[in-house]
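The next block holds one structure in the form of structure tokens; read it before the comments.
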Amino acid sequence: MSVHVEPVKTYVMVFSALMVLTVATVFVAYFDLGLLNNFVAMGIALTKASLVVLIFMHVRHGSKLTKMIALGGFLWLIFLFLFPLADYDTRGLLGPLGK
Amino acid sequence: MSTTAGHAAGGSNYLTAEHGLKSWLLTKDHKRIAVLYLISVSFFFMLGGLFASLVRAELLTPAGDLLSADSYNRAFTMHGVIMVFFFLIPAIPAVLGNFLVPVMIGAKDLAFPRINLLSWYVYNLAGLLGVWVLLQGGVDTGWTFYTPYSSVYSNTAVIPAAMAGFVAGFSSILTALNFVVTIHRMRAPGLTWFRLPLFIWSHYATSLIILLGTPVLAITLLALVLERGFGLGIFDPAMGGDPVLFQHLFWFYSHPAVYIMILPAMGIQSELVAAFARKRVFGYPVVAFASLAIAILGFLVWGHHMFTSSQSVYASTVFSVLTMLVAVPSAVKVFNWTATLHEGSISYETPMLYALGFIGLFTIGGLTGVMLGTMGIDLHVHDTYFVVAHFHYVMVGGTILGYLGGLHYWWPKMFGRMYNQFWSRIAAIVVFIGFNLTFLPQFVVGYLGMPRRYWSYPAEFQIWNVLSTAGATVLGLGLALPLVYLLMSLKNGALAGNNPWGAKGLEWETTSPPPTFNFDTPPVVTEEAYAYADSHLVEAGHSDKKGKKELHGV
Amino acid sequence: MSDHSSSTLAHHFDSHEQQREASTVGMWAFLVTEIMFFGGLFLAYVLYRSRYPQTFADASNHLNVIWGGVNTVVLIASSLTMALAVRAAQLANRKTIVLMLILTLVLGCVFLGIKAVEYKEKFDHHLVPGKNFQYDGANGQKAQIFFSLYFAMTGLHAVHMVIGAGLLIWMIVLAHKGVFTAEYHNHIENVGLYWHFVDIVWIFLFPLLYLLGFHVGH
Amino acid sequence: MVESFPMFPPQASTVASEVDALYWTWIAISAVSSLLIALAVAFFLVRYRRTPEHQTGHPERAAGMLEVIWSVIPLVICLGMFVWGTKVFFDLARPPANAVEYWATGKQWMWKFQHPNGRREINELHVPTGQPIKLTMISEDTIHSMFVPAFRVKSDVLPGRYTTVWFEPTKPGKYHMFCAEYCGTEHSLMGGSIYVMEPAEYAAWLAGEVPGQPRATGQELFTSLACVTCHDAGDQQRGPSLTGVFGSEVKLATGSTVLADESYLRESILTPAAKLVEGYDPLMPTYQGQVTEEQLMSLVDYIKSLGGQKAASAAPAASSGGPVAASTGG
Ligand code: HEA
Ligand code: HEA
Ligand code: CUA
Ligand SMILES: [Cu+2]
């Protein structure tokens, strides 16, 4: 039985990091950075999510299989987003109708 | 634990271990659940077939005379919905897969037996919803539920129908979850990935698709319900939404779903070809990886259903080229099965007849699929009978033939009895002929320009429709035969013995029908799958002498 | 047939180790289905937001960032207590398990309470899509899509929270009975995974829904 | 005999033979590969049938190059056909520059057409040979699909957005026109006929009846709906000048640009604030619910007819990879 037990300190540190990042994301939202706002906000959210996945959800010490499953889910989410967005962004590129 | 009652080596098997309705309805034995599924799924097949008969009867004449337009629209919708969600998707995994996955990998049961039983109940709940839809007069949106017709304009029972699809999705998710965990974590000692039967590989690939795709269908149908019930608006152009988004979401699941339907049949196909040619499947690793390749690539081609939908032409181009790529692993499989026959020792029992039919019909279905993936052609034949013919070739000619082949192959294992050899061969041949007569004319009439979902049509298309309806009659007869002789075999069939076909594989090492925990002694595997040319495949801890002796006699 | 007398090992598994691994893999596979489930709505959101950026930014300013922020903190805190509960289970520390689970449950309920207050606010301001929808900014119709998605996404999330709360209660009962041991605590671990997943969904919902138009209004 | 077993729809447009050639090639490839497989299977079945002496198959031989060969050949065939099929598709999707614009509106369960000169028809469309024709289409309710088998063209017709289909008829005659996207009860009856005529005949037909004038209608609407009050001549008005706006790249207040195509014009009328033009306030009222799809088409058509050069807000034609600029103005 090889369950890895994280020390309480790790959990508290992750919690603090999550708090800091939450404040950061609200703080950044005050500024108009144009498109950059989206990237920063999503970057911070991704970082937070990774912290939760890796430590709260024990993936850091999990089996290879769990790692693959978690990554797979993320990858398929990208598939789901990529193609429809690419469709909408390239509609009408053949030139205005009637040209 | 109700199932631990009697598994003593000698007489008792999973069918006789316990008695009474309750012992069936509360069973956690995967084999009993498979039998329960067999009953439910057969019921829905007949129901779906009934609607197909209505459709074909109406199309005998160009005028809309037998049914009203509304009834016709409900008939083909109910036909499609029932056949896809209640028959074809669960058929092979939930019946044959459920029975065989644990046996083939030498496990006592699936990883989560209670979830397995739950899946059957969830399926039936969905079935009840489906029946409720029928009682409310049916639904008329087509099985694709396209918005805004389904969300705004249809005045039929769309919400219950969508909920039925939603719930049915959960039952297949539960089955898939069980398969993935079982295959990963419960294989017998020595049974490495590359010793697994190809049936297992294909069920593994299928399960991945179900897990990754079905939730998207679920949320899409939920959004449709919200849209129709509460005016969510994301698919409604009148509110700034886009109906084409629905199509993206729908096909994100429903294209991979066609591989949910065909991959298990391909798994069966590999088992049958190997068993009746008494030869290892040619290029085993390639066939195994082809299943995974189909599963993964299959997620990236859904836009080929939307070439005319106003989708960006560039997106269409990408989807088209990926469609071409996904056809290659299927082609490789067909060639490898053919090559397996080379230097085999081939016998022509009923399951093999189905397997041979599968090769032919799937090839035609697949090749016409690639034609549809060619955009220049699809623009003309999209939403015509050409498409209808394509998908019946793969779904009926492919999956149903595979299912019937598998059912005939494992029937003696499941129930311990052999069916009538003469009638079963006749049935296979009648099905093959009737099928081609039904659907070959549809390619022609489709290219001529007859749109699908048409209740009445121009007179010049009639001749092809008459042929098609005639074929459907033959096909219906051919499909009714197994119903008779399979049921009769349960009473009067000759005892099958443990290995009637002289086949390899763990399922043939145990008794027919198997005991509750599948093996009296947990098996240990020391050889590859399909080791026909070598002496022994498996060293079962407890070897079943009778089974070994019968290995070569049919 | 091996005869494990241990009541926590199901008959078809060979060892606790195998059973635990199976349960973890099963839970993760389930979470993947959850990811894809939410994924559909996220796609719709991203799509309409990129089509109607201005309208979405304006509409998002009708949400209450304070409540959203507080809820983020509450939910992350509940994740912490949940993680500590699982840790206690690994160490078979019954009292701590129960305490942490109760804390988690309380925080979860606080979250749902705040959500209810927010929903009420939207209702009072006629921002619930439907016949009574009233929006004073430009492009009311497209703003309505924003609110549709807001309610669909947070609603679905809230449903998951309610289910989670139910699971927590069940776990509290089990823990109180002393069911969990160092080798057998699959259930609580899986509920933990589920709870964290629901937390992650919120981690994305918060910036997407509440913060995107923030700089416009402030 | 051939009459009673029709196999192919008539070829009545310039692209029909292209599509048929593609189709025939695929049929030939399919026939050959299916036949080869069938022959191989049949041969093996006979040659290697089970006999009393021959009870098990031969041990597997190494696959060698075989698997590579039978992966690469289908791959090459498929990719080749993909390239060809895509070329045909782009031919079908991209109307030639000299296409004449017709308008179509689909609704449950009929088609309404409008000729360039304003002549209207229902479920029937008369067109001349030798002239590329572009149908710009929209739906008033659910999705429909315009399908003319003899021309080998099809395009869905959506609510809320214009789509197009184009063809150049080559053979006079009467052809089927179907609705190919399921749209409810009378989906199978939502069709009609396309009459292809020699140009002279078509001209005579057009002259046969007094047509309503859509240009005038569009212009009339432009006045009666008070568009003129804000969109007159110059950009100093409350609203931007609409002269030459069609086909230009419009700069938006958000900083991005959009291409002013038909759908953009339509959206600008229905929901003006969705895409604000740079330098203007969101003053324009919405016309949602006040104009029908057909009136919208007339308005859009009218705005398109306002050719000429657009200054200020129109960015210069995109320098790279962009669409061909320089409009002829309808
Ligand atoms: C079991 C189900 C199943 C399967 C397996 C397939 C397999 C394939 N399908 Fe099919 N399809 C459906 C079920 C299925 N389909 C359904 C239900 C619809 C309609 C849905 C609706 O609208 O209602 C549909 C519709 C459909 C369309 C949309 C048509 C339209 O609406 O306009 C397209 C377009 O690309 C397509 C393509 C393909 C391709 C490329 C394959 C490939 O996977 C096929 C690969 C197989 C082979 C290629 C054959 C074997 C190869 C050889 C023997 C070697 C020789 C090969 C070459 C030289 C290439 N299918
Ligand atoms: C698994 C999938 C599956 C299967 C097996 C079938 C099987 C058949 N299908 Fe169908 N079909 C679809 C999936 C399937 N179909 C789908 C998805 C659509 C699209 C729907 C849509 O457009 O939305 C479709 C559409 C469709 C159409 C087009 C309708 C239209 O567009 O207007 C037609 C027309 O001929 C047709 C015919 C048939 C026939 C003759 C059979 C035959 O093979 C059926 C033979 C079976 C039987 C005849 C049953 C045998 C049992 C008995 C005879 C016993 C009698 C019954 C009782 C005692 C209760 N199907
Ligand atoms: Cu209009 Cu079908
Ligand atoms: Cu597909």
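Ordered as shown in the structure tokens, chains take letters A, B, and onward, while each chain numbers its residues from 1 and ligands are numbered from 1 in the order shown.
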- Task: Among the residues of range 365-460 of chain B, find those DSSP assigns to alpha helix (DSSP H) from the backbone and print them as an MDAnalysis selection string.
- Result: chainID B and resid 365:373 375:381 385:392 401:415 421:448
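Using only C-alpha atoms, we find that the part of chain C lying within 8 Å of chain B comprises Met1, His12, Phe13, Gln18, Glu21, Ala22, Val25, Gly26, Ala29, Phe30, Val32, Thr33, Glu34, Met36, Phe37, Phe38, Gly39, Gly40, Leu41, Ala44, Tyr48, Pro129, Gly130, Gln141, Lys142, Gln144, Ile145, Ser148 and Leu149 of chain C.
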- Message: Please report the interatomic distance between CA of Ala38 in chain D and CA of Ile359 in chain B in Å with one decimal.
- Response: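 Calculated distance between CA of Ala38 in chain D and CA of Ile359 in chain B is 8.6 Å.
Atom 44 (C, counted along the ligand's line) of ligand 2 is found 4.5 Å from CA of Gly49 in chain B.
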- Task: Mind checking which residues fall within 7 Å of range 320-334 of chain B, counting only C-alpha atoms, ignoring those fewer than 5 positions away in the same chain, and posting them as a PyMOL selection string?
- Result: (chain B and resi 287+290+293-294+297-298+300-301+304+359+370+373-375) or (chain D and resi 70-71+74-75+78-79+82)
Write to file, as a compact mmCIF listing (two decimals), in the first residue's frame, the residues of the selection just made, with all heavy atoms.
# COMPACT_ATOMS: atom_id res chain seq x y z
N VAL B 287 -3.71 -4.29 -36.61
CA VAL B 287 -5.17 -4.27 -36.47
C VAL B 287 -5.55 -3.66 -35.13
O VAL B 287 -6.50 -2.87 -35.02
CB VAL B 287 -5.74 -5.70 -36.61
CG1 VAL B 287 -7.24 -5.70 -36.40
CG2 VAL B 287 -5.40 -6.28 -37.96
N ALA B 290 -5.00 0.01 -35.32
CA ALA B 290 -5.96 0.64 -36.23
C ALA B 290 -7.22 1.03 -35.47
O ALA B 290 -7.81 2.09 -35.72
CB ALA B 290 -6.29 -0.31 -37.39
N ALA B 293 -6.43 4.18 -33.72
CA ALA B 293 -6.30 5.28 -34.68
C ALA B 293 -7.68 5.74 -35.13
O ALA B 293 -7.95 6.95 -35.22
CB ALA B 293 -5.49 4.82 -35.89
N ILE B 294 -8.57 4.79 -35.38
CA ILE B 294 -9.92 5.17 -35.79
C ILE B 294 -10.60 5.96 -34.67
O ILE B 294 -11.24 6.98 -34.91
CB ILE B 294 -10.75 3.91 -36.14
CG1 ILE B 294 -10.20 3.27 -37.41
CG2 ILE B 294 -12.21 4.25 -36.30
CD1 ILE B 294 -10.84 1.94 -37.75
N LEU B 297 -8.64 9.60 -34.53
CA LEU B 297 -8.89 10.41 -35.73
C LEU B 297 -10.38 10.65 -35.94
O LEU B 297 -10.80 11.69 -36.45
CB LEU B 297 -8.34 9.69 -36.96
CG LEU B 297 -6.87 9.91 -37.28
CD1 LEU B 297 -6.46 9.05 -38.45
CD2 LEU B 297 -6.64 11.38 -37.60
N GLY B 298 -11.18 9.67 -35.53
CA GLY B 298 -12.62 9.78 -35.72
C GLY B 298 -13.20 11.02 -35.05
O GLY B 298 -14.28 11.46 -35.40
N LEU B 300 -11.96 13.95 -35.29
CA LEU B 300 -11.54 15.17 -35.97
C LEU B 300 -12.17 15.32 -37.35
O LEU B 300 -11.68 16.07 -38.17
CB LEU B 300 -10.01 15.18 -36.10
CG LEU B 300 -9.27 14.97 -34.78
CD1 LEU B 300 -7.78 14.91 -35.01
CD2 LEU B 300 -9.62 16.07 -33.81
N VAL B 301 -13.22 14.60 -37.62
CA VAL B 301 -13.76 14.63 -38.98
C VAL B 301 -15.23 15.02 -39.05
O VAL B 301 -15.84 14.96 -40.09
CB VAL B 301 -13.57 13.26 -39.67
CG1 VAL B 301 -12.13 12.83 -39.63
CG2 VAL B 301 -14.45 12.21 -39.05
N HIS B 304 -17.58 16.73 -41.84
CA HIS B 304 -17.98 16.23 -43.16
C HIS B 304 -19.49 16.03 -43.27
O HIS B 304 -19.99 15.73 -44.33
CB HIS B 304 -17.20 14.97 -43.57
CG HIS B 304 -17.46 13.75 -42.74
ND1 HIS B 304 -16.51 12.80 -42.51
CD2 HIS B 304 -18.56 13.31 -42.08
CE1 HIS B 304 -17.02 11.84 -41.76
NE2 HIS B 304 -18.26 12.12 -41.49
N ILE B 359 -17.31 -8.37 -44.76
CA ILE B 359 -16.20 -7.84 -45.56
C ILE B 359 -16.74 -7.13 -46.80
O ILE B 359 -16.39 -5.99 -47.09
CB ILE B 359 -15.22 -8.96 -45.96
CG1 ILE B 359 -14.53 -9.52 -44.72
CG2 ILE B 359 -14.17 -8.43 -46.95
CD1 ILE B 359 -13.44 -10.52 -45.02
N VAL B 370 -16.14 7.33 -48.24
CA VAL B 370 -15.04 8.16 -48.71
C VAL B 370 -15.50 9.05 -49.87
O VAL B 370 -15.06 10.19 -50.01
CB VAL B 370 -13.85 7.29 -49.13
CG1 VAL B 370 -12.63 8.16 -49.34
CG2 VAL B 370 -13.53 6.27 -48.07
N GLY B 373 -16.99 11.89 -48.38
CA GLY B 373 -15.99 12.78 -47.82
C GLY B 373 -15.32 13.65 -48.88
O GLY B 373 -14.63 14.61 -48.55
N THR B 374 -15.51 13.29 -50.14
CA THR B 374 -14.99 14.09 -51.24
C THR B 374 -15.98 15.22 -51.50
O THR B 374 -17.08 14.99 -51.97
CB THR B 374 -14.86 13.22 -52.51
OG1 THR B 374 -14.20 12.01 -52.15
CG2 THR B 374 -14.07 13.94 -53.58
N MET B 375 -15.57 16.45 -51.22
CA MET B 375 -16.56 17.53 -51.14
C MET B 375 -17.32 17.76 -52.43
O MET B 375 -18.51 18.04 -52.41
CB MET B 375 -15.86 18.81 -50.70
CG MET B 375 -15.32 18.71 -49.30
SD MET B 375 -14.73 20.30 -48.71
CE MET B 375 -13.24 20.46 -49.63
N TRP D 70 -0.49 -1.80 -48.55
CA TRP D 70 -1.93 -1.56 -48.58
C TRP D 70 -2.39 -0.48 -47.62
O TRP D 70 -3.58 -0.26 -47.47
CB TRP D 70 -2.73 -2.85 -48.49
CG TRP D 70 -2.65 -3.69 -47.26
CD1 TRP D 70 -2.88 -3.31 -45.98
CD2 TRP D 70 -2.43 -5.10 -47.24
NE1 TRP D 70 -2.77 -4.38 -45.15
CE2 TRP D 70 -2.50 -5.50 -45.89
CE3 TRP D 70 -2.17 -6.06 -48.21
CZ2 TRP D 70 -2.32 -6.83 -45.50
CZ3 TRP D 70 -2.01 -7.37 -47.81
CH2 TRP D 70 -2.07 -7.74 -46.47
N SER D 71 -1.49 0.20 -46.96
CA SER D 71 -1.88 1.46 -46.33
C SER D 71 -1.62 2.62 -47.28
O SER D 71 -2.40 3.56 -47.36
CB SER D 71 -1.11 1.74 -45.04
OG SER D 71 -0.95 0.58 -44.30
N PRO D 74 -4.24 3.03 -50.60
CA PRO D 74 -5.50 3.75 -50.35
C PRO D 74 -5.25 5.20 -49.94
O PRO D 74 -6.00 6.10 -50.33
CB PRO D 74 -6.13 3.00 -49.19
CG PRO D 74 -5.49 1.67 -49.17
CD PRO D 74 -4.12 1.84 -49.75
N LEU D 75 -4.17 5.43 -49.17
CA LEU D 75 -3.89 6.80 -48.74
C LEU D 75 -3.65 7.70 -49.94
O LEU D 75 -4.22 8.80 -50.04
CB LEU D 75 -2.67 6.82 -47.82
CG LEU D 75 -2.29 8.19 -47.28
CD1 LEU D 75 -3.36 8.67 -46.31
CD2 LEU D 75 -0.94 8.18 -46.59
N CYS D 78 -6.89 8.23 -51.84
CA CYS D 78 -7.79 9.13 -51.13
C CYS D 78 -7.31 10.57 -51.22
O CYS D 78 -8.11 11.49 -51.45
CB CYS D 78 -7.90 8.74 -49.66
SG CYS D 78 -8.94 7.31 -49.41
N LEU D 79 -6.01 10.78 -51.01
CA LEU D 79 -5.51 12.15 -51.04
C LEU D 79 -5.65 12.75 -52.44
O LEU D 79 -6.02 13.91 -52.60
CB LEU D 79 -4.07 12.22 -50.55
CG LEU D 79 -3.91 11.96 -49.06
CD1 LEU D 79 -2.46 12.06 -48.63
CD2 LEU D 79 -4.77 12.92 -48.24
N PHE D 82 -9.10 13.62 -52.87
CA PHE D 82 -9.40 14.78 -52.04
C PHE D 82 -9.03 16.07 -52.77
O PHE D 82 -9.81 17.03 -52.81
CB PHE D 82 -8.64 14.69 -50.71
CG PHE D 82 -8.44 16.01 -50.03
CD1 PHE D 82 -9.50 16.62 -49.38
CD2 PHE D 82 -7.21 16.65 -50.07
CE1 PHE D 82 -9.33 17.85 -48.78
CE2 PHE D 82 -7.04 17.89 -49.47
CZ PHE D 82 -8.11 18.49 -48.83
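Distances to Ala59 in chain C were evaluated for C:Thr8, C:Thr104, C:Gln134, C:Thr72 using only C-alpha atoms, and the minimum falls at C:Gln134.
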- Item | Contact residues around range 202-208 of chain D with only C-alpha atoms at 12 Å, ignoring same-chain residues under 4 positions, as an MDAnalysis selection string | chainID D and resid 114:121 125:131 172 195:198 212
- Using only C-alpha atoms, which of the listed residues (D:Trp109, D:Phe43, D:Trp84, D:Phe151) sits closest to Leu22 in chain D? D:Trp84
- With a distance cut-off of 12 Å and only C-alpha atoms, select the neighbouring residues of Leu105 in chain C, excluding the residue or stretch itself and same-chain residues fewer than 6 positions from it, and output the selection as an NGL selection string. :C and (74-75 or 77-82 or 85 or 98-99 or 111-112 or 161-172 or 191-192 or 195)
- Message: For a quick test of understanding: name the residues of chain A lying within 9 Å of chain B when counting only C-alpha atoms, and present them as a PyMOL selection string.
- Response: chain A and resi 73+76+79-80+83-84+86-94
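With the cut-off set to 6 Å and only C-alpha atoms counted, chain A residues close to chain C are Ala29, Tyr30, Phe31, Asp32, Ala45, Ala49, Phe56, Met57, Gly73 and Phe81 of chain A.
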- Query: For ligand 3, which residue among B:Leu36, B:Val122, B:Ile429, B:Asn73 is the nearest when counting only C-alpha atoms and all ligand atoms?
  - Reply: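 Under the stated criterion, the closest residue is B:Asn73.
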Within 12 Å of chain D, which residues of chain C come that close, and what is the closest atom pair and distance in Å for each? Count only C-alpha atoms and give it as a Markdown table.
| residue | atom | partner | partner_atom | distance |
| --- | --- | --- | --- | --- |
| C:Tyr48 | CA | D:Ala274 | CA | 11.9 |
| C:Arg49 | CA | D:Ala274 | CA | 11.9 |
| C:Ser50 | CA | D:Ser256 | CA | 11.8 |
| C:Arg51 | CA | D:Ala274 | CA | 9.1 |
| C:Tyr52 | CA | D:Ala274 | CA | 6.8 |
| C:Pro53 | CA | D:Thr254 | CA | 8.6 |
| C:Gln54 | CA | D:Ala274 | CA | 7.7 |
| C:Thr55 | CA | D:Ala274 | CA | 7.3 |
| C:Phe56 | CA | D:Ala274 | CA | 10.5 |
| C:Ala57 | CA | D:Thr254 | CA | 11.7 |
| C:Asp58 | CA | D:Ala274 | CA | 11.8 |
| C:Gly137 | CA | D:Ala273 | CA | 10.2 |
| C:Ala138 | CA | D:Ala273 | CA | 6.5 |
| C:Asn139 | CA | D:Ala273 | CA | 6.3 |
| C:Gly140 | CA | D:Thr271 | CA | 9.7 |
| C:Gln141 | CA | D:Thr271 | CA | 9.0 |
| C:Lys142 | CA | D:Ala274 | CA | 8.4 |
| C:Ala143 | CA | D:Ala274 | CA | 10.3 |
Can you write out the residues you just picked, keeping N, CA and C atoms, as an mmCIF file, in the first residue's frame?
data_model
loop_
_atom_site.group_PDB
_atom_site.id
_atom_site.type_symbol
_atom_site.label_atom_id
_atom_site.label_comp_id
_atom_site.auth_asym_id
_atom_site.auth_seq_id
_atom_site.Cartn_x
_atom_site.Cartn_y
_atom_site.Cartn_z
ATOM 1 N N TYR C 48 -19.787 32.851 -28.595
ATOM 2 C CA TYR C 48 -20.606 34.065 -28.620
ATOM 3 C C TYR C 48 -19.848 35.254 -28.058
ATOM 4 N N ARG C 49 -18.978 34.966 -27.118
ATOM 5 C CA ARG C 49 -18.194 36.069 -26.605
ATOM 6 C C ARG C 49 -17.290 36.628 -27.696
ATOM 7 N N SER C 50 -16.727 35.741 -28.525
ATOM 8 C CA SER C 50 -15.850 36.274 -29.566
ATOM 9 C C SER C 50 -16.667 36.920 -30.682
ATOM 10 N N ARG C 51 -17.915 36.539 -30.804
ATOM 11 C CA ARG C 51 -18.739 37.188 -31.826
ATOM 12 C C ARG C 51 -19.299 38.515 -31.334
ATOM 13 N N TYR C 52 -19.642 38.606 -30.072
ATOM 14 C CA TYR C 52 -20.241 39.834 -29.534
ATOM 15 C C TYR C 52 -19.408 40.341 -28.359
ATOM 16 N N PRO C 53 -18.157 40.700 -28.591
ATOM 17 C CA PRO C 53 -17.283 41.020 -27.455
ATOM 18 C C PRO C 53 -17.811 42.186 -26.616
ATOM 19 N N GLN C 54 -18.244 43.235 -27.330
ATOM 20 C CA GLN C 54 -18.667 44.432 -26.616
ATOM 21 C C GLN C 54 -19.885 44.148 -25.739
ATOM 22 N N THR C 55 -20.867 43.519 -26.353
ATOM 23 C CA THR C 55 -22.093 43.234 -25.621
ATOM 24 C C THR C 55 -21.809 42.365 -24.406
ATOM 25 N N PHE C 56 -20.957 41.376 -24.597
ATOM 26 C CA PHE C 56 -20.671 40.488 -23.480
ATOM 27 C C PHE C 56 -19.957 41.228 -22.366
ATOM 28 N N ALA C 57 -19.024 42.093 -22.748
ATOM 29 C CA ALA C 57 -18.300 42.842 -21.724
ATOM 30 C C ALA C 57 -19.278 43.719 -20.937
ATOM 31 N N ASP C 58 -20.162 44.398 -21.668
ATOM 32 C CA ASP C 58 -21.139 45.249 -20.974
ATOM 33 C C ASP C 58 -22.025 44.413 -20.055
ATOM 34 N N GLY C 137 -28.822 48.321 -21.540
ATOM 35 C CA GLY C 137 -27.699 48.646 -22.418
ATOM 36 C C GLY C 137 -28.023 48.384 -23.880
ATOM 37 N N ALA C 138 -27.006 48.524 -24.718
ATOM 38 C CA ALA C 138 -27.198 48.270 -26.136
ATOM 39 C C ALA C 138 -27.312 46.772 -26.392
ATOM 40 N N ASN C 139 -27.992 46.415 -27.483
ATOM 41 C CA ASN C 139 -28.054 45.026 -27.901
ATOM 42 C C ASN C 139 -28.641 44.084 -26.869
ATOM 43 N N GLY C 140 -29.782 44.439 -26.360
ATOM 44 C CA GLY C 140 -30.392 43.628 -25.319
ATOM 45 C C GLY C 140 -30.512 42.168 -25.687
ATOM 46 N N GLN C 141 -30.809 41.947 -26.977
ATOM 47 C CA GLN C 141 -31.024 40.581 -27.384
ATOM 48 C C GLN C 141 -29.794 39.711 -27.218
ATOM 49 N N LYS C 142 -28.664 40.293 -27.625
ATOM 50 C CA LYS C 142 -27.455 39.499 -27.517
ATOM 51 C C LYS C 142 -26.984 39.420 -26.080
ATOM 52 N N ALA C 143 -27.292 40.468 -25.319
ATOM 53 C CA ALA C 143 -26.976 40.397 -23.898
ATOM 54 C C ALA C 143 -27.744 39.253 -23.263
#
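For Ile33 in chain B, the set of protein, DNA and RNA residues having any atom at most 9 Å away, when counting only C-alpha atoms and skipping those fewer than 2 positions along the same chain, is B:Trp24, B:Leu25, B:Thr27, B:Lys28, B:Asp29, B:His30, B:Lys31, B:Val35, B:Leu36, B:Tyr37, B:Leu38, B:Ala94, B:Val95, B:Asn98, B:Phe99, B:Asn116, B:Leu117, B:Trp120.
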- Message: Using only C-alpha atoms and all ligand atoms, which residues of the polymer chains come no farther than 10 Å from ligand 3? I'd like the answer as a PyMOL selection string.
- Response: (chain B and resi 451-454) or (chain D and resi 106-111+139+141-146+156-157+178-191)
- From the list B:Val524, B:Val101, B:Leu477, B:Met261, which residue is nearest ligand 1 when using only C-alpha atoms and all ligand atoms?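 Result for the nearest residue to ligand 1: B:Met261.
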- Task: Rank A:Phe27, A:Leu82, A:His58, A:Leu35 by their smallest atom-to-atom distance to chain D, using only C-alpha atoms, and report the top residue only.
- Result: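 The shortest atom-to-atom distance to chain D comes from A:Leu35.
Comparing D:Val68, D:Arg47, D:Ala28, D:Ser155 by their smallest distance to chain B, the closest is D:Ser155 (using only C-alpha atoms).
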